[in-house]
Structures are given as C-alpha cells and as structure tokens.
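Peer 1: Attaching a single structure in structure tokens format; questions to follow.
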Amino acid sequence: SKLICSDSKQKKFFNLNHFPKVKILIVNECEIELIEKYTFSNFSQLEQLDLSSNQIESLHLNSFFSLGNLIDLNINENKIKIIKKESFIGLDNLRKLDLSNNLIESIEEKGFYGLFSLSELDLSYNTIEIIKNRSFFGLDNLRKLDLSSSSIGSFEDEAFYGLHNLYELNLRFNRIKIVKKKSFFGLDNLIKIILRSNLIESFEEEGFYGLNNM
C-alpha cells in the first residue's frame, strides 16, 4: 500500500504508528526540518521512502531505524550540510540513495557505513569542495556514483577507498584543476569516468593508475 502526504506546513512528522503495512511512503514538498530517532519504527515493511523537497537540515543515528526492507530513499532538495558518521545505519537492503540538491559540504568518515547493498548514490548539486579520505567506506557494492556539479576542487588520497565494484563515476561540472598521482586508486572495476566541464590544467604521472578496465 501507499501513503502520500504532500504540500503541508508541518515541521515534524505526524503520528505514524497506524500504518505498519505501508510499502511506499511519500512525504514531500512539506516543511519537515527534523527526523527524530525511531520516526519510522513501525514501518518495517517499507520499501520506498520519498522525503524530497523539505527543509531537513541533518540526519541522526537511528533516524531510519527498523527500515531493513527499504530499497529506495529520496532526500533530494533539502538543506543537509553534513553526512555524519553512520547516518544510515539499519538500511541493510537499500539499493538507491538520492541526496542531490542539498547543501552538503562534508562527508564524515563512515558516513555511509552500513549501506552494504547500495548500488547507486547521487550526490550531485551539492557544495562538497573536497572529497576526504574514505568518504565512501563500506559501500562495497556501489556501482554508480554521481558527484557532478558539487564544487569539487580536489580529493584526498584514498578518497574512493573501498569502491572496488564501482563502474561509473561522474565528476563533470566541478572545479578540478589537477588529476594527481593515483587519484582513482582502488577503483578496480571502473569502466566509465566523466571529467568534462572541469578546470583541468594537468595530469600528474600515474594520475589514472589502477584503472585497469578503462
């Protein structure tokens, strides 16, 4: 079954205790600012959750507690600034996560830890600037990563550590000037990388080291 609540003025979630069998929940175009701990504790059968176009500023540990069957999570067009450590714990079966069009500036180490089944992650249209070490640690099964239009100027060593199964990386429309030595080391199965519309001036020796399938 599906539950839709759109275009309301509420800043917090209404009582969700009476919909335990809902598989699709759409709460978009509201003014939700906060997702409290255990908000979805009675939604164990939920498979799709749409929280797009709200005012959500941050995610907290256990915000998505009990959503072990969730496959698709859309948090597009909110005001999230930081992906904190273990923000998505409990989403063991999530396949697709959309965080595009937020205000994300940084990703803490293990920010995505626990998303062992995730195959597609969209972080486009944010303000990340620097991809730090092990930002995507734990995303062992990620296949597609979209970082386009996110003001990225550089990435640290081991920024893409652990993404052994990634096959597509989109970095277009950023501010990258130099592709440094071993920038993409660890992306063993990458077959497509998009770097167009950057500010690239030079490629260091071994800048694409380790990209054996390209």
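Each chain in the structure tokens gets a letter, A, B and so on, in the order shown; residues start at 1 in every chain, and ligands are counted from 1 in the order they appear.
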Would you kindly return, as a PyMOL selection string, each protein, DNA or RNA residue with an atom no farther than 8 Å from any atom of Leu94 in chain A, considering only C-alpha atoms and excluding same-chain residues fewer than 2 positions away?

Peer 2: chain A and resi 68-73+91-92+96-97+115-118

Peer 1: Can you write out the residues you just picked, keeping C-alpha atoms, as an mmCIF file, in the first residue's frame?

Peer 2:
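Saved as selection_4.cif:
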data_model
loop_
_atom_site.group_PDB
_atom_site.id
_atom_site.type_symbol
_atom_site.label_atom_id
_atom_site.label_comp_id
_atom_site.auth_asym_id
_atom_site.auth_seq_id
_atom_site.Cartn_x
_atom_site.Cartn_y
_atom_site.Cartn_z
ATOM 1 C CA GLY A 68 15.652 -3.020 6.947
ATOM 2 C CA ASN A 69 13.493 -3.649 3.871
ATOM 3 C CA LEU A 70 13.873 -0.177 2.363
ATOM 4 C CA ILE A 71 15.179 -0.232 -1.230
ATOM 5 C CA ASP A 72 14.829 3.365 -2.416
ATOM 6 C CA LEU A 73 15.418 6.528 -0.319
ATOM 7 C CA LEU A 91 19.338 0.344 5.899
ATOM 8 C CA ASP A 92 20.884 -3.016 5.077
ATOM 9 C CA LYS A 96 19.335 3.620 -4.311
ATOM 10 C CA LEU A 97 20.027 6.826 -2.344
ATOM 11 C CA LEU A 115 24.780 0.615 3.263
ATOM 12 C CA PHE A 116 26.201 -2.716 2.196
ATOM 13 C CA SER A 117 23.653 -3.260 -0.617
ATOM 14 C CA LEU A 118 23.710 0.251 -2.087
#

Peer 1: Find the residues around Arg175 in chain A up to 9 Å (only C-alpha atoms counted), leave out those fewer than 5 positions away in its own chain, and share them as a PyMOL selection string.

Peer 2: chain A and resi 129+149-154+197-200

Peer 1: Restrict the selected residues to all heavy atoms and save them as a JSON list (two decimals), in the first residue's frame.

Peer 2:
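Final file, part_9.json:
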[["chain", "number", "residue", "atom", "x", "y", "z"],
["A", 129, "GLU", "N", 33.30, 20.41, -2.29],
["A", 129, "GLU", "CA", 34.63, 21.00, -2.48],
["A", 129, "GLU", "C", 35.78, 20.00, -2.37],
["A", 129, "GLU", "O", 36.59, 19.89, -3.28],
["A", 129, "GLU", "CB", 34.86, 22.19, -1.53],
["A", 129, "GLU", "CG", 33.93, 23.35, -1.80],
["A", 129, "GLU", "CD", 34.29, 24.60, -1.02],
["A", 129, "GLU", "OE1", 35.27, 24.58, -0.24],
["A", 129, "GLU", "OE2", 33.57, 25.60, -1.18],
["A", 149, "SER", "N", 28.51, 18.62, -10.52],
["A", 149, "SER", "CA", 28.02, 19.94, -10.09],
["A", 149, "SER", "C", 28.02, 20.11, -8.58],
["A", 149, "SER", "O", 27.05, 20.58, -7.98],
["A", 149, "SER", "CB", 26.60, 20.18, -10.65],
["A", 149, "SER", "OG", 26.57, 20.07, -12.05],
["A", 150, "SER", "N", 29.14, 19.73, -7.95],
["A", 150, "SER", "CA", 29.23, 19.80, -6.49],
["A", 150, "SER", "C", 30.41, 20.63, -5.99],
["A", 150, "SER", "O", 30.84, 20.50, -4.85],
["A", 150, "SER", "CB", 29.31, 18.38, -5.89],
["A", 150, "SER", "OG", 28.06, 17.73, -5.99],
["A", 151, "SER", "N", 30.94, 21.49, -6.85],
["A", 151, "SER", "CA", 32.03, 22.41, -6.48],
["A", 151, "SER", "C", 33.30, 21.71, -6.03],
["A", 151, "SER", "O", 34.12, 22.29, -5.33],
["A", 151, "SER", "CB", 31.56, 23.37, -5.37],
["A", 151, "SER", "OG", 30.42, 24.10, -5.76],
["A", 152, "ILE", "N", 33.50, 20.46, -6.43],
["A", 152, "ILE", "CA", 34.66, 19.68, -6.01],
["A", 152, "ILE", "C", 35.92, 20.22, -6.69],
["A", 152, "ILE", "O", 35.99, 20.32, -7.91],
["A", 152, "ILE", "CB", 34.47, 18.19, -6.34],
["A", 152, "ILE", "CG1", 33.30, 17.63, -5.56],
["A", 152, "ILE", "CG2", 35.74, 17.40, -6.03],
["A", 152, "ILE", "CD1", 32.85, 16.26, -6.02],
["A", 153, "GLY", "N", 36.93, 20.55, -5.85],
["A", 153, "GLY", "CA", 38.19, 21.03, -6.38],
["A", 153, "GLY", "C", 39.29, 20.01, -6.28],
["A", 153, "GLY", "O", 40.25, 20.03, -7.06],
["A", 154, "SER", "N", 39.17, 19.10, -5.33],
["A", 154, "SER", "CA", 40.22, 18.10, -5.14],
["A", 154, "SER", "C", 39.69, 16.94, -4.30],
["A", 154, "SER", "O", 38.61, 17.02, -3.70],
["A", 154, "SER", "CB", 41.42, 18.71, -4.43],
["A", 154, "SER", "OG", 41.07, 19.18, -3.14],
["A", 197, "SER", "N", 33.92, 19.46, -18.44],
["A", 197, "SER", "CA", 33.48, 20.72, -17.83],
["A", 197, "SER", "C", 34.06, 20.92, -16.43],
["A", 197, "SER", "O", 33.36, 21.34, -15.51],
["A", 197, "SER", "CB", 31.94, 20.80, -17.80],
["A", 197, "SER", "OG", 31.40, 20.74, -19.10],
["A", 198, "ASN", "N", 35.36, 20.61, -16.29],
["A", 198, "ASN", "CA", 36.11, 20.96, -15.10],
["A", 198, "ASN", "C", 37.12, 22.05, -15.48],
["A", 198, "ASN", "O", 37.00, 22.67, -16.54],
["A", 198, "ASN", "CB", 36.83, 19.73, -14.53],
["A", 198, "ASN", "CG", 35.94, 18.95, -13.57],
["A", 198, "ASN", "OD1", 35.85, 19.25, -12.39],
["A", 198, "ASN", "ND2", 35.27, 17.92, -14.10],
["A", 199, "LEU", "N", 38.09, 22.30, -14.63],
["A", 199, "LEU", "CA", 39.11, 23.32, -14.89],
["A", 199, "LEU", "C", 40.48, 22.66, -15.04],
["A", 199, "LEU", "O", 41.51, 23.26, -14.69],
["A", 199, "LEU", "CB", 39.14, 24.34, -13.74],
["A", 199, "LEU", "CG", 37.81, 25.03, -13.41],
["A", 199, "LEU", "CD1", 37.95, 25.88, -12.15],
["A", 199, "LEU", "CD2", 37.33, 25.89, -14.58],
["A", 200, "ILE", "N", 40.51, 21.45, -15.55],
["A", 200, "ILE", "CA", 41.72, 20.64, -15.58],
["A", 200, "ILE", "C", 42.84, 21.30, -16.40],
["A", 200, "ILE", "O", 42.67, 21.64, -17.56],
["A", 200, "ILE", "CB", 41.43, 19.23, -16.12],
["A", 200, "ILE", "CG1", 40.47, 18.50, -15.16],
["A", 200, "ILE", "CG2", 42.72, 18.42, -16.27],
["A", 200, "ILE", "CD1", 39.99, 17.17, -15.64]]

Peer 1: Do you know which residues are at most 7 Å from range 145-147 of chain A counting only C-alpha atoms, after dropping those on the same chain fewer than 5 positions away, and could you put them as a list in words?

Peer 2: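 Result of the neighbour search: Glu120, Leu121, Asp122, Leu123, Ser124, Glu168, Leu169, Asn170 and Leu171 of chain A.
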
Peer 1: Could you name the residues that touch Lys132 in chain A at 10 Å or less, counting only C-alpha atoms, but leaving out those on the same chain fewer than 3 positions away, as a PyMOL selection string?

Peer 2: chain A and resi 106-109+128-129+135-136+154-160

Peer 1: Output all heavy atoms of each residue in that selection to a file, as a tab-separated table (two decimals), in the first residue's frame.

Peer 2:
chain	number	residue	atom	x	y	z
A	106	SER	N	30.48	18.42	3.65
A	106	SER	CA	31.46	17.40	4.04
A	106	SER	C	30.79	16.07	4.34
A	106	SER	O	29.61	16.01	4.70
A	106	SER	CB	32.27	17.87	5.25
A	106	SER	OG	31.45	18.00	6.39
A	107	ILE	N	31.59	15.03	4.20
A	107	ILE	CA	31.15	13.66	4.50
A	107	ILE	C	32.12	13.10	5.52
A	107	ILE	O	33.31	12.97	5.26
A	107	ILE	CB	31.18	12.79	3.22
A	107	ILE	CG1	30.29	13.40	2.14
A	107	ILE	CG2	30.72	11.36	3.56
A	107	ILE	CD1	30.47	12.75	0.78
A	108	GLU	N	31.62	12.82	6.70
A	108	GLU	CA	32.48	12.25	7.74
A	108	GLU	C	32.87	10.82	7.38
A	108	GLU	O	32.15	10.13	6.66
A	108	GLU	CB	31.77	12.27	9.09
A	108	GLU	CG	31.54	13.68	9.64
A	108	GLU	CD	30.94	13.66	11.05
A	108	GLU	OE1	30.69	12.55	11.57
A	108	GLU	OE2	30.73	14.75	11.61
A	109	GLU	N	34.02	10.39	7.89
A	109	GLU	CA	34.43	9.01	7.66
A	109	GLU	C	33.35	8.07	8.20
A	109	GLU	O	32.80	8.30	9.28
A	109	GLU	CB	35.76	8.72	8.36
A	109	GLU	CG	36.31	7.34	8.04
A	109	GLU	CD	37.72	7.12	8.56
A	109	GLU	OE1	38.41	8.12	8.82
A	109	GLU	OE2	38.11	5.95	8.69
A	128	ILE	N	30.46	20.22	-1.93
A	128	ILE	CA	31.39	19.37	-1.18
A	128	ILE	C	32.82	19.91	-1.19
A	128	ILE	O	33.52	19.86	-0.17
A	128	ILE	CB	31.35	17.93	-1.72
A	128	ILE	CG1	29.92	17.38	-1.59
A	128	ILE	CG2	32.33	17.04	-0.98
A	128	ILE	CD1	29.70	16.04	-2.27
A	129	GLU	N	33.30	20.41	-2.29
A	129	GLU	CA	34.63	21.00	-2.48
A	129	GLU	C	35.78	20.00	-2.37
A	129	GLU	O	36.59	19.89	-3.28
A	129	GLU	CB	34.86	22.19	-1.53
A	129	GLU	CG	33.93	23.35	-1.80
A	129	GLU	CD	34.29	24.60	-1.02
A	129	GLU	OE1	35.27	24.58	-0.24
A	129	GLU	OE2	33.57	25.60	-1.18
A	135	SER	N	35.72	8.58	2.39
A	135	SER	CA	34.36	9.15	2.49
A	135	SER	C	33.28	8.12	2.18
A	135	SER	O	32.16	8.23	2.67
A	135	SER	CB	34.22	10.33	1.52
A	135	SER	OG	35.00	11.42	1.92
A	136	PHE	N	33.64	7.12	1.36
A	136	PHE	CA	32.64	6.15	0.92
A	136	PHE	C	32.91	4.75	1.48
A	136	PHE	O	32.47	3.75	0.93
A	136	PHE	CB	32.60	6.12	-0.61
A	136	PHE	CG	32.39	7.48	-1.21
A	136	PHE	CD1	33.45	8.17	-1.80
A	136	PHE	CD2	31.15	8.10	-1.17
A	136	PHE	CE1	33.28	9.43	-2.34
A	136	PHE	CE2	30.96	9.36	-1.70
A	136	PHE	CZ	32.03	10.04	-2.28
A	154	SER	N	39.17	19.10	-5.33
A	154	SER	CA	40.22	18.10	-5.14
A	154	SER	C	39.69	16.94	-4.30
A	154	SER	O	38.61	17.02	-3.70
A	154	SER	CB	41.42	18.71	-4.43
A	154	SER	OG	41.07	19.18	-3.14
A	155	PHE	N	40.47	15.84	-4.29
A	155	PHE	CA	40.15	14.72	-3.43
A	155	PHE	C	41.43	14.20	-2.80
A	155	PHE	O	42.48	14.18	-3.42
A	155	PHE	CB	39.40	13.59	-4.15
A	155	PHE	CG	39.51	13.59	-5.63
A	155	PHE	CD1	40.54	12.93	-6.27
A	155	PHE	CD2	38.57	14.26	-6.40
A	155	PHE	CE1	40.63	12.92	-7.65
A	155	PHE	CE2	38.66	14.26	-7.78
A	155	PHE	CZ	39.70	13.58	-8.41
A	156	GLU	N	41.33	13.82	-1.54
A	156	GLU	CA	42.48	13.32	-0.81
A	156	GLU	C	42.84	11.90	-1.24
A	156	GLU	O	42.07	11.23	-1.90
A	156	GLU	CB	42.19	13.36	0.70
A	156	GLU	CG	41.96	14.77	1.24
A	156	GLU	CD	41.67	14.78	2.73
A	156	GLU	OE1	41.55	13.68	3.32
A	156	GLU	OE2	41.58	15.88	3.31
A	157	ASP	N	44.04	11.46	-0.82
A	157	ASP	CA	44.44	10.07	-1.06
A	157	ASP	C	43.39	9.15	-0.44
A	157	ASP	O	42.87	9.42	0.64
A	157	ASP	CB	45.80	9.79	-0.43
A	157	ASP	CG	46.91	10.60	-1.09
A	157	ASP	OD1	46.68	11.08	-2.21
A	157	ASP	OD2	47.99	10.75	-0.47
A	158	GLU	N	43.08	8.08	-1.13
A	158	GLU	CA	42.12	7.09	-0.66
A	158	GLU	C	40.70	7.66	-0.51
A	158	GLU	O	39.89	7.16	0.26
A	158	GLU	CB	42.57	6.46	0.67
A	158	GLU	CG	43.89	5.72	0.58
A	158	GLU	CD	44.21	4.94	1.84
A	158	GLU	OE1	43.58	5.17	2.88
A	158	GLU	OE2	45.11	4.08	1.77
A	159	ALA	N	40.41	8.72	-1.27
A	159	ALA	CA	39.06	9.28	-1.25
A	159	ALA	C	38.01	8.26	-1.68
A	159	ALA	O	36.90	8.24	-1.17
A	159	ALA	CB	38.99	10.51	-2.15
A	160	PHE	N	38.42	7.41	-2.62
A	160	PHE	CA	37.48	6.42	-3.15
A	160	PHE	C	37.78	5.01	-2.63
A	160	PHE	O	37.41	4.01	-3.24
A	160	PHE	CB	37.52	6.44	-4.68
A	160	PHE	CG	37.18	7.78	-5.26
A	160	PHE	CD1	38.17	8.58	-5.84
A	160	PHE	CD2	35.88	8.27	-5.21
A	160	PHE	CE1	37.87	9.83	-6.37
A	160	PHE	CE2	35.57	9.52	-5.74
A	160	PHE	CZ	36.56	10.30	-6.32

Peer 1: Would you please give, as JSON, numbers by chain, all residues of chain A that DSSP assigns to strand (DSSP E or B) based on the backbone?

Peer 2: {"A": [2, 3, 4, 24, 25, 26, 48, 49, 50, 72, 73, 74, 82, 83, 96, 97, 98, 106, 107, 120, 121, 122, 130, 131, 144, 145, 146, 154, 155, 168, 169, 170, 178, 179, 192, 193, 194, 202, 203]}

Peer 1: With N, CA, C and O atoms retained, could you export that selection as a compact mmCIF listing (two decimals), in the first residue's frame?

Peer 2:
# COMPACT_ATOMS: atom_id res chain seq x y z
N LYS A 2 0.27 2.39 -0.34
CA LYS A 2 0.99 3.65 -0.47
C LYS A 2 0.35 4.72 0.41
O LYS A 2 -0.88 4.82 0.52
N LEU A 3 1.20 5.54 1.04
CA LEU A 3 0.73 6.65 1.86
C LEU A 3 1.41 7.91 1.36
O LEU A 3 2.63 7.98 1.26
N ILE A 4 0.62 8.94 1.02
CA ILE A 4 1.15 10.19 0.48
C ILE A 4 0.72 11.36 1.37
O ILE A 4 -0.45 11.50 1.71
N ILE A 24 5.13 2.06 0.45
CA ILE A 24 5.60 3.29 -0.17
C ILE A 24 5.10 4.48 0.64
O ILE A 24 3.91 4.63 0.85
N LEU A 25 6.03 5.31 1.09
CA LEU A 25 5.67 6.49 1.88
C LEU A 25 6.26 7.73 1.21
O LEU A 25 7.47 7.83 1.02
N ILE A 26 5.39 8.67 0.85
CA ILE A 26 5.81 9.90 0.20
C ILE A 26 5.43 11.08 1.08
O ILE A 26 4.25 11.35 1.31
N GLN A 48 9.98 1.96 -0.17
CA GLN A 48 10.30 3.22 -0.85
C GLN A 48 9.90 4.39 0.04
O GLN A 48 8.77 4.46 0.51
N LEU A 49 10.85 5.32 0.26
CA LEU A 49 10.60 6.48 1.10
C LEU A 49 11.05 7.74 0.38
O LEU A 49 12.21 7.87 -0.01
N ASP A 50 10.13 8.68 0.18
CA ASP A 50 10.41 9.92 -0.53
C ASP A 50 10.25 11.09 0.45
O ASP A 50 9.15 11.41 0.89
N ASP A 72 14.66 2.08 -1.74
CA ASP A 72 14.83 3.36 -2.42
C ASP A 72 14.55 4.50 -1.43
O ASP A 72 13.48 4.59 -0.86
N LEU A 73 15.56 5.39 -1.23
CA LEU A 73 15.42 6.53 -0.32
C LEU A 73 15.75 7.81 -1.06
O LEU A 73 16.86 7.98 -1.57
N ASN A 74 14.79 8.73 -1.13
CA ASN A 74 14.97 10.00 -1.83
C ASN A 74 14.92 11.15 -0.82
O ASN A 74 13.89 11.40 -0.21
N ILE A 82 25.95 18.22 6.40
CA ILE A 82 26.98 17.25 6.75
C ILE A 82 26.39 15.84 6.77
O ILE A 82 25.30 15.63 7.31
N ILE A 83 27.10 14.89 6.16
CA ILE A 83 26.74 13.49 6.30
C ILE A 83 27.55 12.97 7.49
O ILE A 83 28.75 12.77 7.40
N LYS A 96 19.21 2.32 -3.67
CA LYS A 96 19.33 3.62 -4.31
C LYS A 96 19.14 4.73 -3.28
O LYS A 96 18.17 4.73 -2.53
N LEU A 97 20.09 5.70 -3.28
CA LEU A 97 20.03 6.83 -2.34
C LEU A 97 20.25 8.12 -3.11
O LEU A 97 21.27 8.30 -3.77
N ASP A 98 19.28 9.03 -3.04
CA ASP A 98 19.35 10.31 -3.73
C ASP A 98 19.50 11.44 -2.71
O ASP A 98 18.58 11.74 -1.95
N SER A 106 30.48 18.42 3.65
CA SER A 106 31.46 17.40 4.04
C SER A 106 30.79 16.07 4.34
O SER A 106 29.61 16.01 4.70
N ILE A 107 31.59 15.03 4.20
CA ILE A 107 31.15 13.66 4.50
C ILE A 107 32.12 13.10 5.52
O ILE A 107 33.31 12.97 5.26
N GLU A 120 23.54 2.55 -6.14
CA GLU A 120 23.50 3.85 -6.82
C GLU A 120 23.40 4.99 -5.80
O GLU A 120 22.50 4.99 -4.96
N LEU A 121 24.33 5.94 -5.86
CA LEU A 121 24.37 7.08 -4.94
C LEU A 121 24.48 8.37 -5.73
O LEU A 121 25.40 8.56 -6.52
N ASP A 122 23.53 9.27 -5.51
CA ASP A 122 23.51 10.57 -6.20
C ASP A 122 23.80 11.69 -5.21
O ASP A 122 23.00 11.96 -4.32
N ILE A 130 35.89 19.28 -1.25
CA ILE A 130 36.97 18.31 -1.07
C ILE A 130 36.39 16.95 -0.69
O ILE A 130 35.60 16.85 0.25
N ILE A 131 36.78 15.91 -1.42
CA ILE A 131 36.41 14.55 -1.06
C ILE A 131 37.50 14.01 -0.14
O ILE A 131 38.64 13.85 -0.55
N LYS A 144 27.26 2.94 -9.22
CA LYS A 144 27.22 4.25 -9.85
C LYS A 144 27.29 5.35 -8.79
O LYS A 144 26.55 5.32 -7.81
N LEU A 145 28.20 6.30 -8.99
CA LEU A 145 28.38 7.42 -8.06
C LEU A 145 28.35 8.72 -8.85
O LEU A 145 29.18 8.94 -9.74
N ASP A 146 27.39 9.59 -8.53
CA ASP A 146 27.24 10.87 -9.22
C ASP A 146 27.66 12.00 -8.28
O ASP A 146 27.00 12.27 -7.28
N SER A 154 39.17 19.10 -5.33
CA SER A 154 40.22 18.10 -5.14
C SER A 154 39.69 16.94 -4.30
O SER A 154 38.61 17.02 -3.70
N PHE A 155 40.47 15.84 -4.29
CA PHE A 155 40.15 14.72 -3.43
C PHE A 155 41.43 14.20 -2.80
O PHE A 155 42.48 14.18 -3.42
N GLU A 168 30.86 3.30 -12.70
CA GLU A 168 30.65 4.62 -13.30
C GLU A 168 30.82 5.71 -12.25
O GLU A 168 30.19 5.69 -11.20
N LEU A 169 31.69 6.68 -12.57
CA LEU A 169 31.95 7.81 -11.68
C LEU A 169 31.76 9.10 -12.47
O LEU A 169 32.44 9.36 -13.45
N ASN A 170 30.82 9.93 -12.02
CA ASN A 170 30.50 11.19 -12.72
C ASN A 170 31.03 12.37 -11.91
O ASN A 170 30.54 12.64 -10.81
N ILE A 178 43.77 19.66 -11.17
CA ILE A 178 44.86 18.71 -11.36
C ILE A 178 44.39 17.29 -11.02
O ILE A 178 43.76 17.09 -9.98
N VAL A 179 44.66 16.36 -11.90
CA VAL A 179 44.43 14.95 -11.60
C VAL A 179 45.75 14.42 -11.04
O VAL A 179 46.71 14.20 -11.76
N LYS A 192 33.88 3.66 -16.60
CA LYS A 192 33.46 4.97 -17.14
C LYS A 192 33.70 6.05 -16.10
O LYS A 192 33.22 5.97 -14.98
N ILE A 193 34.46 7.08 -16.49
CA ILE A 193 34.67 8.25 -15.63
C ILE A 193 34.41 9.50 -16.46
O ILE A 193 34.93 9.63 -17.58
N ILE A 194 33.59 10.40 -15.93
CA ILE A 194 33.22 11.61 -16.65
C ILE A 194 33.86 12.81 -15.96
O ILE A 194 33.55 13.11 -14.81
N SER A 202 46.31 19.97 -15.75
CA SER A 202 47.36 18.98 -15.92
C SER A 202 46.99 17.63 -15.31
O SER A 202 46.11 17.55 -14.44
N PHE A 203 47.65 16.59 -15.81
CA PHE A 203 47.51 15.24 -15.28
C PHE A 203 48.89 14.80 -14.78
O PHE A 203 49.84 14.76 -15.55

Peer 1: Which residue out of A:Ile176, A:Asn93, A:Lys85, A:Asn141 has the minimum interatomic distance to Glu47 in chain A when only C-alpha atoms are used?

Peer 2: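 Between A:Ile176, A:Asn93, A:Lys85, A:Asn141, the residue approaching Glu47 in chain A most closely is A:Asn93.
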
Peer 1: Just want the 10 Å neighbourhood of Asn62 in chain A, counted on only C-alpha atoms, with same-chain residues fewer than 2 positions away dropped. Output as a PyMOL selection string.

Peer 2: chain A and resi 35-41+59-60+64-67+86-91

Peer 1: Save out the residues we just selected, N, CA, C and O atoms, as a PDB file, in the first residue's frame.

Peer 2:
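After the write, again27.pdb holds the following:
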ATOM      1  N   ILE A  35      14.115  14.835  11.426  1.00  0.00           N
ATOM      2  CA  ILE A  35      13.701  13.437  11.507  1.00  0.00           C
ATOM      3  C   ILE A  35      14.229  12.902  12.837  1.00  0.00           C
ATOM      4  O   ILE A  35      15.430  12.704  12.996  1.00  0.00           O
ATOM      5  N   GLU A  36      13.353  12.706  13.768  1.00  0.00           N
ATOM      6  CA  GLU A  36      13.768  12.261  15.089  1.00  0.00           C
ATOM      7  C   GLU A  36      14.134  10.776  15.088  1.00  0.00           C
ATOM      8  O   GLU A  36      13.799  10.036  14.156  1.00  0.00           O
ATOM      9  N   LYS A  37      14.794  10.332  16.129  1.00  0.00           N
ATOM     10  CA  LYS A  37      15.137   8.918  16.274  1.00  0.00           C
ATOM     11  C   LYS A  37      13.872   8.081  16.279  1.00  0.00           C
ATOM     12  O   LYS A  37      12.866   8.464  16.874  1.00  0.00           O
ATOM     13  N   TYR A  38      13.942   6.946  15.610  1.00  0.00           N
ATOM     14  CA  TYR A  38      12.864   5.955  15.599  1.00  0.00           C
ATOM     15  C   TYR A  38      11.557   6.461  14.979  1.00  0.00           C
ATOM     16  O   TYR A  38      10.490   5.907  15.231  1.00  0.00           O
ATOM     17  N   THR A  39      11.641   7.498  14.149  1.00  0.00           N
ATOM     18  CA  THR A  39      10.441   8.030  13.489  1.00  0.00           C
ATOM     19  C   THR A  39       9.702   6.957  12.701  1.00  0.00           C
ATOM     20  O   THR A  39       8.472   6.924  12.671  1.00  0.00           O
ATOM     21  N   PHE A  40      10.470   6.057  12.065  1.00  0.00           N
ATOM     22  CA  PHE A  40       9.863   5.052  11.190  1.00  0.00           C
ATOM     23  C   PHE A  40       9.874   3.655  11.815  1.00  0.00           C
ATOM     24  O   PHE A  40       9.849   2.649  11.109  1.00  0.00           O
ATOM     25  N   SER A  41       9.853   3.599  13.126  1.00  0.00           N
ATOM     26  CA  SER A  41       9.994   2.309  13.824  1.00  0.00           C
ATOM     27  C   SER A  41       8.849   1.346  13.549  1.00  0.00           C
ATOM     28  O   SER A  41       8.985   0.141  13.755  1.00  0.00           O
ATOM     29  N   LEU A  59      20.833  14.548   9.445  1.00  0.00           N
ATOM     30  CA  LEU A  59      20.385  13.180   9.702  1.00  0.00           C
ATOM     31  C   LEU A  59      21.079  12.691  10.960  1.00  0.00           C
ATOM     32  O   LEU A  59      22.225  13.045  11.225  1.00  0.00           O
ATOM     33  N   HIS A  60      20.402  11.896  11.735  1.00  0.00           N
ATOM     34  CA  HIS A  60      20.945  11.442  13.003  1.00  0.00           C
ATOM     35  C   HIS A  60      20.990   9.915  13.075  1.00  0.00           C
ATOM     36  O   HIS A  60      20.249   9.224  12.369  1.00  0.00           O
ATOM     37  N   PHE A  64      16.633   6.229  10.711  1.00  0.00           N
ATOM     38  CA  PHE A  64      15.993   5.257   9.826  1.00  0.00           C
ATOM     39  C   PHE A  64      15.947   3.862  10.455  1.00  0.00           C
ATOM     40  O   PHE A  64      15.900   2.854   9.758  1.00  0.00           O
ATOM     41  N   PHE A  65      15.936   3.824  11.754  1.00  0.00           N
ATOM     42  CA  PHE A  65      15.899   2.566  12.481  1.00  0.00           C
ATOM     43  C   PHE A  65      14.694   1.728  12.071  1.00  0.00           C
ATOM     44  O   PHE A  65      13.591   2.236  11.922  1.00  0.00           O
ATOM     45  N   SER A  66      14.891   0.443  11.890  1.00  0.00           N
ATOM     46  CA  SER A  66      13.870  -0.569  11.570  1.00  0.00           C
ATOM     47  C   SER A  66      13.497  -0.637  10.087  1.00  0.00           C
ATOM     48  O   SER A  66      12.646  -1.430   9.705  1.00  0.00           O
ATOM     49  N   LEU A  67      14.138   0.179   9.238  1.00  0.00           N
ATOM     50  CA  LEU A  67      13.797   0.166   7.805  1.00  0.00           C
ATOM     51  C   LEU A  67      14.699  -0.806   7.044  1.00  0.00           C
ATOM     52  O   LEU A  67      15.283  -0.471   6.015  1.00  0.00           O
ATOM     53  N   GLU A  86      27.800   7.184  10.317  1.00  0.00           N
ATOM     54  CA  GLU A  86      26.767   6.158  10.483  1.00  0.00           C
ATOM     55  C   GLU A  86      25.347   6.727  10.460  1.00  0.00           C
ATOM     56  O   GLU A  86      24.469   6.289  11.196  1.00  0.00           O
ATOM     57  N   SER A  87      25.128   7.693   9.574  1.00  0.00           N
ATOM     58  CA  SER A  87      23.795   8.298   9.446  1.00  0.00           C
ATOM     59  C   SER A  87      22.741   7.330   8.934  1.00  0.00           C
ATOM     60  O   SER A  87      21.546   7.519   9.178  1.00  0.00           O
ATOM     61  N   PHE A  88      23.192   6.290   8.216  1.00  0.00           N
ATOM     62  CA  PHE A  88      22.235   5.405   7.545  1.00  0.00           C
ATOM     63  C   PHE A  88      22.250   3.981   8.101  1.00  0.00           C
ATOM     64  O   PHE A  88      21.826   3.046   7.431  1.00  0.00           O
ATOM     65  N   ILE A  89      22.696   3.825   9.318  1.00  0.00           N
ATOM     66  CA  ILE A  89      22.723   2.510   9.953  1.00  0.00           C
ATOM     67  C   ILE A  89      21.316   1.913   9.985  1.00  0.00           C
ATOM     68  O   ILE A  89      20.344   2.590  10.332  1.00  0.00           O
ATOM     69  N   GLY A  90      21.220   0.643   9.622  1.00  0.00           N
ATOM     70  CA  GLY A  90      19.936  -0.050   9.634  1.00  0.00           C
ATOM     71  C   GLY A  90      19.338  -0.261   8.258  1.00  0.00           C
ATOM     72  O   GLY A  90      18.424  -1.063   8.087  1.00  0.00           O
ATOM     73  N   LEU A  91      19.874   0.456   7.259  1.00  0.00           N
ATOM     74  CA  LEU A  91      19.338   0.344   5.899  1.00  0.00           C
ATOM     75  C   LEU A  91      20.118  -0.715   5.121  1.00  0.00           C
ATOM     76  O   LEU A  91      20.739  -0.448   4.090  1.00  0.00           O
TER      77      LEU A  91
END
